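Printed here is query-v8.tsv (TSV, N, CA and C atoms):
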```
chain	number	residue	atom	x	y	z
O	275	GLY	N	-7.91	24.19	20.38
O	275	GLY	CA	-7.45	23.11	21.21
O	275	GLY	C	-6.43	22.26	20.51
O	276	SER	N	-5.82	21.34	21.21
O	276	SER	CA	-4.77	20.51	20.62
O	276	SER	C	-5.36	19.54	19.60
O	277	SER	N	-6.67	19.34	19.64
O	277	SER	CA	-7.27	18.40	18.68
O	277	SER	C	-7.19	18.95	17.26
O	278	ASP	N	-6.89	20.25	17.11
O	278	ASP	CA	-6.80	20.83	15.78
O	278	ASP	C	-5.47	20.53	15.11
O	279	SER	N	-4.48	20.13	15.90
O	279	SER	CA	-3.16	19.93	15.31
O	279	SER	C	-3.19	18.74	14.37
O	280	PRO	N	-2.51	18.86	13.23
O	280	PRO	CA	-2.55	17.77	12.26
O	280	PRO	C	-1.88	16.52	12.83
O	281	ALA	N	-2.44	15.38	12.50
O	281	ALA	CA	-1.86	14.12	12.99
O	281	ALA	C	-0.51	13.89	12.34
O	282	SER	N	0.37	13.28	13.07
O	282	SER	CA	1.68	12.97	12.49
O	282	SER	C	1.57	11.73	11.62
O	283	ALA	N	2.58	11.52	10.79
O	283	ALA	CA	2.55	10.37	9.88
O	283	ALA	C	2.42	9.08	10.67
O	284	SER	N	3.11	9.00	11.82
O	284	SER	CA	3.07	7.74	12.57
O	284	SER	C	1.68	7.51	13.16
O	285	GLN	N	1.01	8.57	13.59
O	285	GLN	CA	-0.35	8.41	14.09
O	285	GLN	C	-1.27	7.93	12.97
O	286	ILE	N	-1.12	8.55	11.80
O	286	ILE	CA	-1.97	8.17	10.68
O	286	ILE	C	-1.65	6.75	10.24
O	287	ALA	N	-0.36	6.42	10.23
O	287	ALA	CA	0.04	5.09	9.80
O	287	ALA	C	-0.61	4.03	10.68
O	288	GLY	N	-0.80	4.37	11.95
O	288	GLY	CA	-1.42	3.42	12.86
O	288	GLY	C	-2.85	3.10	12.46
O	289	THR	N	-3.48	3.99	11.70
O	289	THR	CA	-4.87	3.76	11.32
O	289	THR	C	-4.99	3.20	9.90
O	290	ILE	N	-3.87	3.03	9.23
O	290	ILE	CA	-3.92	2.53	7.85
O	290	ILE	C	-4.11	1.03	7.86
O	291	GLY	N	-5.13	0.58	7.16
O	291	GLY	CA	-5.28	-0.84	6.93
O	291	GLY	C	-5.06	-1.08	5.46
O	292	VAL	N	-4.78	-2.32	5.11
O	292	VAL	CA	-4.69	-2.65	3.69
O	292	VAL	C	-6.09	-3.13	3.30
O	293	TYR	N	-6.81	-2.29	2.58
O	293	TYR	CA	-8.19	-2.60	2.26
O	293	TYR	C	-8.28	-3.42	0.99
O	294	HIS	N	-9.21	-4.34	0.96
O	294	HIS	CA	-9.54	-5.00	-0.31
O	294	HIS	C	-10.15	-3.96	-1.22
O	295	HIS	N	-9.77	-3.98	-2.48
O	295	HIS	CA	-10.31	-2.98	-3.40
O	295	HIS	C	-11.83	-3.08	-3.46
O	296	ALA	N	-12.38	-4.25	-3.20
O	296	ALA	CA	-13.82	-4.43	-3.26
O	296	ALA	C	-14.54	-3.65	-2.15
O	297	TYR	N	-13.81	-3.31	-1.09
O	297	TYR	CA	-14.45	-2.66	0.04
O	297	TYR	C	-14.25	-1.14	0.03
O	298	LEU	N	-13.61	-0.62	-0.99
O	298	LEU	CA	-13.41	0.82	-1.03
O	298	LEU	C	-14.76	1.52	-1.11
O	299	SER	N	-14.83	2.66	-0.46
O	299	SER	CA	-16.07	3.41	-0.52
O	299	SER	C	-16.30	3.85	-1.97
O	300	PRO	N	-17.55	3.94	-2.39
O	300	PRO	CA	-17.85	4.21	-3.80
O	300	PRO	C	-17.69	5.69	-4.16
O	301	GLN	N	-16.56	6.26	-3.81
O	301	GLN	CA	-16.30	7.65	-4.16
O	301	GLN	C	-15.34	7.68	-5.33
O	302	PRO	N	-15.43	8.69	-6.17
O	302	PRO	CA	-14.45	8.80	-7.24
O	302	PRO	C	-13.05	9.04	-6.68
O	303	PRO	N	-12.01	8.62	-7.41
O	303	PRO	CA	-10.65	8.82	-6.93
O	303	PRO	C	-10.42	10.29	-6.61
O	304	GLY	N	-9.68	10.55	-5.55
O	304	GLY	CA	-9.37	11.92	-5.20
O	304	GLY	C	-10.30	12.49	-4.15
O	305	CYS	N	-11.39	11.79	-3.86
O	305	CYS	CA	-12.34	12.32	-2.88
O	305	CYS	C	-12.17	11.72	-1.50
O	306	HIS	N	-11.43	10.64	-1.37
O	306	HIS	CA	-11.36	10.03	-0.05
O	306	HIS	C	-10.43	10.83	0.84
O	307	ASP	N	-10.72	10.78	2.10
O	307	ASP	CA	-9.86	11.46	3.05
O	307	ASP	C	-9.01	10.44	3.79
O	308	ARG	N	-8.83	9.28	3.19
O	308	ARG	CA	-7.91	8.33	3.80
O	308	ARG	C	-7.00	7.76	2.73
O	309	ALA	N	-5.84	7.35	3.17
O	309	ALA	CA	-4.89	6.76	2.24
O	309	ALA	C	-5.39	5.39	1.83
O	310	VAL	N	-5.24	5.09	0.56
O	310	VAL	CA	-5.79	3.85	0.02
O	310	VAL	C	-4.73	3.14	-0.81
O	311	LEU	N	-4.72	1.83	-0.68
O	311	LEU	CA	-3.88	1.01	-1.54
O	311	LEU	C	-4.81	0.10	-2.33
O	312	LEU	N	-4.71	0.18	-3.64
O	312	LEU	CA	-5.52	-0.72	-4.47
O	312	LEU	C	-4.69	-1.96	-4.81
O	313	TYR	N	-5.28	-3.12	-4.57
O	313	TYR	CA	-4.60	-4.34	-5.00
O	313	TYR	C	-5.65	-5.36	-5.40
O	314	GLU	N	-5.20	-6.35	-6.14
O	314	GLU	CA	-6.14	-7.33	-6.67
O	314	GLU	C	-5.44	-8.67	-6.80
O	315	TYR	N	-6.14	-9.73	-6.48
O	315	TYR	CA	-5.58	-11.06	-6.70
O	315	TYR	C	-5.67	-11.38	-8.19
O	316	VAL	N	-4.52	-11.68	-8.80
O	316	VAL	CA	-4.50	-12.00	-10.23
O	316	VAL	C	-4.21	-13.48	-10.44
O	317	GLY	N	-3.99	-14.19	-9.36
O	317	GLY	CA	-3.76	-15.63	-9.40
O	317	GLY	C	-4.09	-16.14	-8.01
O	318	LYS	N	-3.92	-17.44	-7.81
O	318	LYS	CA	-4.31	-17.99	-6.53
O	318	LYS	C	-3.47	-17.38	-5.40
O	319	ARG	N	-2.16	-17.25	-5.63
O	319	ARG	CA	-1.27	-16.71	-4.58
O	319	ARG	C	-0.52	-15.49	-5.08
O	320	ILE	N	-1.08	-14.81	-6.08
O	320	ILE	CA	-0.38	-13.65	-6.65
O	320	ILE	C	-1.25	-12.42	-6.49
O	321	VAL	N	-0.67	-11.39	-5.92
O	321	VAL	CA	-1.41	-10.16	-5.71
O	321	VAL	C	-0.74	-9.04	-6.52
O	322	ASP	N	-1.57	-8.29	-7.22
O	322	ASP	CA	-1.06	-7.18	-8.03
O	322	ASP	C	-1.26	-5.89	-7.23
O	323	LEU	N	-0.15	-5.27	-6.83
O	323	LEU	CA	-0.22	-4.01	-6.08
O	323	LEU	C	-0.32	-2.88	-7.10
O	324	GLN	N	-1.50	-2.29	-7.21
O	324	GLN	CA	-1.82	-1.47	-8.37
O	324	GLN	C	-1.56	0.01	-8.17
O	325	HIS	N	-1.89	0.54	-7.00
O	325	HIS	CA	-1.91	1.99	-6.89
O	325	HIS	C	-1.97	2.40	-5.43
O	326	THR	N	-1.19	3.40	-5.08
O	326	THR	CA	-1.36	4.01	-3.76
O	326	THR	C	-1.92	5.41	-3.95
O	327	GLU	N	-2.80	5.79	-3.08
O	327	GLU	CA	-3.40	7.11	-3.17
O	327	GLU	C	-3.43	7.74	-1.79
O	328	VAL	N	-2.84	8.92	-1.68
O	328	VAL	CA	-2.80	9.64	-0.40
O	328	VAL	C	-3.52	10.97	-0.60
O	329	PRO	N	-4.45	11.30	0.29
O	329	PRO	CA	-5.16	12.57	0.14
O	329	PRO	C	-4.19	13.76	0.15
O	330	ASP	N	-4.54	14.79	-0.61
O	330	ASP	CA	-3.67	15.97	-0.71
O	330	ASP	C	-3.29	16.50	0.67
O	331	ALA	N	-4.22	16.49	1.59
O	331	ALA	CA	-3.98	17.07	2.91
O	331	ALA	C	-2.86	16.34	3.64
O	332	TYR	N	-2.61	15.09	3.27
O	332	TYR	CA	-1.62	14.29	3.99
O	332	TYR	C	-0.36	14.02	3.18
O	333	ARG	N	-0.26	14.63	2.01
O	333	ARG	CA	0.92	14.38	1.17
O	333	ARG	C	2.18	14.91	1.82
O	334	GLY	N	3.30	14.32	1.46
O	334	GLY	CA	4.58	14.83	1.93
O	334	GLY	C	4.90	14.47	3.36
O	335	ARG	N	4.17	13.51	3.92
O	335	ARG	CA	4.45	13.11	5.30
O	335	ARG	C	4.94	11.67	5.39
O	336	GLY	N	5.26	11.10	4.25
O	336	GLY	CA	5.77	9.73	4.28
O	336	GLY	C	4.70	8.68	4.44
O	337	ILE	N	3.46	9.04	4.16
O	337	ILE	CA	2.37	8.09	4.36
O	337	ILE	C	2.35	7.02	3.27
O	338	ALA	N	2.66	7.43	2.03
O	338	ALA	CA	2.71	6.44	0.95
O	338	ALA	C	3.73	5.35	1.28
O	339	LYS	N	4.81	5.77	1.94
O	339	LYS	CA	5.84	4.82	2.34
O	339	LYS	C	5.27	3.78	3.32
O	340	HIS	N	4.45	4.25	4.24
O	340	HIS	CA	3.81	3.32	5.18
O	340	HIS	C	2.87	2.37	4.45
O	341	LEU	N	2.16	2.91	3.46
O	341	LEU	CA	1.26	2.06	2.66
O	341	LEU	C	2.05	0.99	1.93
O	342	ALA	N	3.16	1.41	1.30
O	342	ALA	CA	3.98	0.46	0.55
O	342	ALA	C	4.49	-0.63	1.47
O	343	LYS	N	4.97	-0.24	2.64
O	343	LYS	CA	5.49	-1.21	3.60
O	343	LYS	C	4.38	-2.15	4.07
O	344	ALA	N	3.21	-1.59	4.36
O	344	ALA	CA	2.09	-2.42	4.81
O	344	ALA	C	1.72	-3.44	3.74
O	345	ALA	N	1.73	-3.00	2.49
O	345	ALA	CA	1.38	-3.90	1.38
O	345	ALA	C	2.38	-5.04	1.27
O	346	LEU	N	3.67	-4.69	1.32
O	346	LEU	CA	4.71	-5.71	1.17
O	346	LEU	C	4.74	-6.64	2.37
O	347	ASP	N	4.53	-6.09	3.56
O	347	ASP	CA	4.49	-6.94	4.74
O	347	ASP	C	3.31	-7.91	4.68
O	348	PHE	N	2.21	-7.44	4.13
O	348	PHE	CA	1.03	-8.28	3.94
O	348	PHE	C	1.37	-9.45	3.02
O	349	VAL	N	2.07	-9.16	1.92
O	349	VAL	CA	2.47	-10.20	0.97
O	349	VAL	C	3.37	-11.23	1.66
O	350	VAL	N	4.31	-10.73	2.46
O	350	VAL	CA	5.23	-11.62	3.16
O	350	VAL	C	4.48	-12.48	4.18
O	351	GLU	N	3.61	-11.84	4.98
O	351	GLU	CA	2.89	-12.57	6.02
O	351	GLU	C	1.97	-13.63	5.45
O	352	GLU	N	1.34	-13.31	4.32
O	352	GLU	CA	0.40	-14.25	3.70
O	352	GLU	C	1.12	-15.23	2.77
O	353	ASP	N	2.43	-15.06	2.63
O	353	ASP	CA	3.24	-15.90	1.76
O	353	ASP	C	2.72	-15.90	0.32
O	354	LEU	N	2.51	-14.69	-0.19
O	354	LEU	CA	2.03	-14.52	-1.56
O	354	LEU	C	3.17	-14.08	-2.46
O	355	LYS	N	2.91	-14.04	-3.74
O	355	LYS	CA	3.81	-13.39	-4.69
O	355	LYS	C	3.21	-12.03	-5.04
O	356	ALA	N	4.06	-11.06	-5.31
O	356	ALA	CA	3.56	-9.72	-5.61
O	356	ALA	C	3.99	-9.27	-6.99
O	357	HIS	N	3.03	-8.76	-7.73
O	357	HIS	CA	3.34	-8.10	-8.99
O	357	HIS	C	3.18	-6.60	-8.73
O	358	LEU	N	4.21	-5.82	-9.04
O	358	LEU	CA	4.18	-4.40	-8.70
O	358	LEU	C	3.81	-3.55	-9.92
O	359	THR	N	2.55	-3.19	-10.01
O	359	THR	CA	2.11	-2.27	-11.04
O	359	THR	C	2.38	-0.83	-10.58
O	360	CYS	N	2.26	-0.61	-9.29
O	360	CYS	CA	2.41	0.73	-8.73
O	360	CYS	C	3.87	1.18	-8.75
O	361	TRP	N	4.13	2.29	-9.43
O	361	TRP	CA	5.52	2.77	-9.53
O	361	TRP	C	6.08	3.12	-8.16
O	362	TYR	N	5.21	3.59	-7.28
O	362	TYR	CA	5.72	4.01	-5.97
O	362	TYR	C	6.23	2.80	-5.18
O	363	ILE	N	5.51	1.69	-5.27
O	363	ILE	CA	5.95	0.49	-4.54
O	363	ILE	C	7.21	-0.07	-5.18
O	364	GLN	N	7.31	0.01	-6.51
O	364	GLN	CA	8.57	-0.39	-7.17
O	364	GLN	C	9.74	0.42	-6.61
O	365	LYS	N	9.54	1.73	-6.48
O	365	LYS	CA	10.56	2.62	-5.97
O	365	LYS	C	10.90	2.26	-4.52
O	366	TYR	N	9.87	1.96	-3.73
O	366	TYR	CA	10.07	1.62	-2.33
O	366	TYR	C	10.95	0.37	-2.20
O	367	VAL	N	10.68	-0.63	-3.06
O	367	VAL	CA	11.47	-1.86	-2.99
O	367	VAL	C	12.93	-1.59	-3.40
O	368	LYS	N	13.12	-0.72	-4.38
O	368	LYS	CA	14.49	-0.35	-4.77
O	368	LYS	C	15.24	0.29	-3.60
O	369	GLU	N	14.52	1.09	-2.83
O	369	GLU	CA	15.14	1.79	-1.71
O	369	GLU	C	15.25	0.90	-0.47
O	370	ASN	N	14.43	-0.13	-0.41
O	370	ASN	CA	14.41	-1.04	0.75
O	370	ASN	C	14.46	-2.48	0.25
O	371	PRO	N	15.60	-2.87	-0.35
O	371	PRO	CA	15.65	-4.19	-1.02
O	371	PRO	C	15.81	-5.34	-0.04
O	372	LEU	N	14.81	-5.54	0.80
O	372	LEU	CA	14.87	-6.62	1.79
O	372	LEU	C	14.67	-7.96	1.09
O	373	PRO	N	15.44	-8.96	1.51
O	373	PRO	CA	15.34	-10.26	0.82
O	373	PRO	C	13.93	-10.84	0.83
O	374	GLN	N	13.19	-10.64	1.92
O	374	GLN	CA	11.83	-11.22	1.96
O	374	GLN	C	10.91	-10.54	0.96
O	375	TYR	N	11.20	-9.29	0.58
O	375	TYR	CA	10.42	-8.63	-0.46
O	375	TYR	C	10.85	-9.13	-1.83
O	376	LEU	N	12.18	-9.10	-2.06
O	376	LEU	CA	12.70	-9.43	-3.38
O	376	LEU	C	12.32	-10.83	-3.82
O	377	GLU	N	12.33	-11.78	-2.87
O	377	GLU	CA	12.06	-13.17	-3.27
O	377	GLU	C	10.60	-13.40	-3.60
O	378	ARG	N	9.75	-12.42	-3.31
O	378	ARG	CA	8.32	-12.60	-3.61
O	378	ARG	C	7.86	-11.80	-4.81
O	379	LEU	N	8.78	-11.08	-5.46
O	379	LEU	CA	8.37	-10.26	-6.61
O	379	LEU	C	8.17	-11.10	-7.85
O	380	GLN	N	7.09	-10.82	-8.55
O	380	GLN	CA	6.85	-11.43	-9.85
O	380	GLN	C	7.44	-10.52	-10.92
O	381	PRO	N	8.08	-11.07	-11.93
O	381	PRO	CA	8.60	-10.21	-12.99
O	381	PRO	C	7.47	-9.51	-13.75
```

Re-express the file's structure as structure tokens.
Amino acid sequence: GSSDSPASASQIAGTIGVYHHAYLSPQPPGCHDRAVLLYEYVGKRIVDLQHTEVPDAYRGRGIAKHLAKAALDFVVEEDLKAHLTCWYIQKYVKENPLPQYLERLQP
């Protein structure tokens, strides 16, 4: 049936939330079947974007890009500062140097 067809990146992106790292399921890395963004508050208004993880089954569909965008949009909406530990999010900002992102980056 059509339910067997793999979901497209946009369908999956619709289900991506930015989860608090405290709420991640207690599975070892690599076992989750959902894309995850790890982040942590390192100051009152500073969030450290640490790591994006996309399950192997969903790699290569631009999902990490949706995660990066969701994370940065979250920072903008909440009016936080962002420290980018995650290399992928650093790369995303280089490719999408929007002023609202750049002005919130912590060195």

Given only C-alpha atoms as the basis, pick out the residue of O:Lys343, O:Arg333, O:Arg308, O:Lys318 nearest to O:Tyr366.
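For O:Tyr366, the nearest of the given residues is O:Lys343.
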
What does the structure give for the distance between atom CA of O:Gly336 and atom CA of O:Val321, in Å to one decimal?
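So the two atoms, atom CA of O:Gly336 and atom CA of O:Val321, lie 23.4 Å apart.
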
Record the distance separating atom CA of O:Tyr362 and atom C of O:Glu327, expressed in Å with one decimal.
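Between these atoms lies a distance of 10.7 Å.
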
Would you work out the distance separating atom C of O:Lys368 from atom C of O:Asp330, expressed in Å to one decimal?
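These atoms are spaced 25.0 Å apart.
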
Top pick for closest residue to O:Leu323, considering O:Cys360, O:Ala345, O:Leu372, O:Val367 and counting all atoms listed in the file:
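For O:Leu323, the nearest of the candidates is O:Cys360.
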
Closest of O:Leu311, O:Arg378, O:Lys365, O:Ala331 to O:Ala344 - atom-to-atom distances counting only C-alpha atoms
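Counting only C-alpha atoms, the residue closest to O:Ala344 is O:Leu311.
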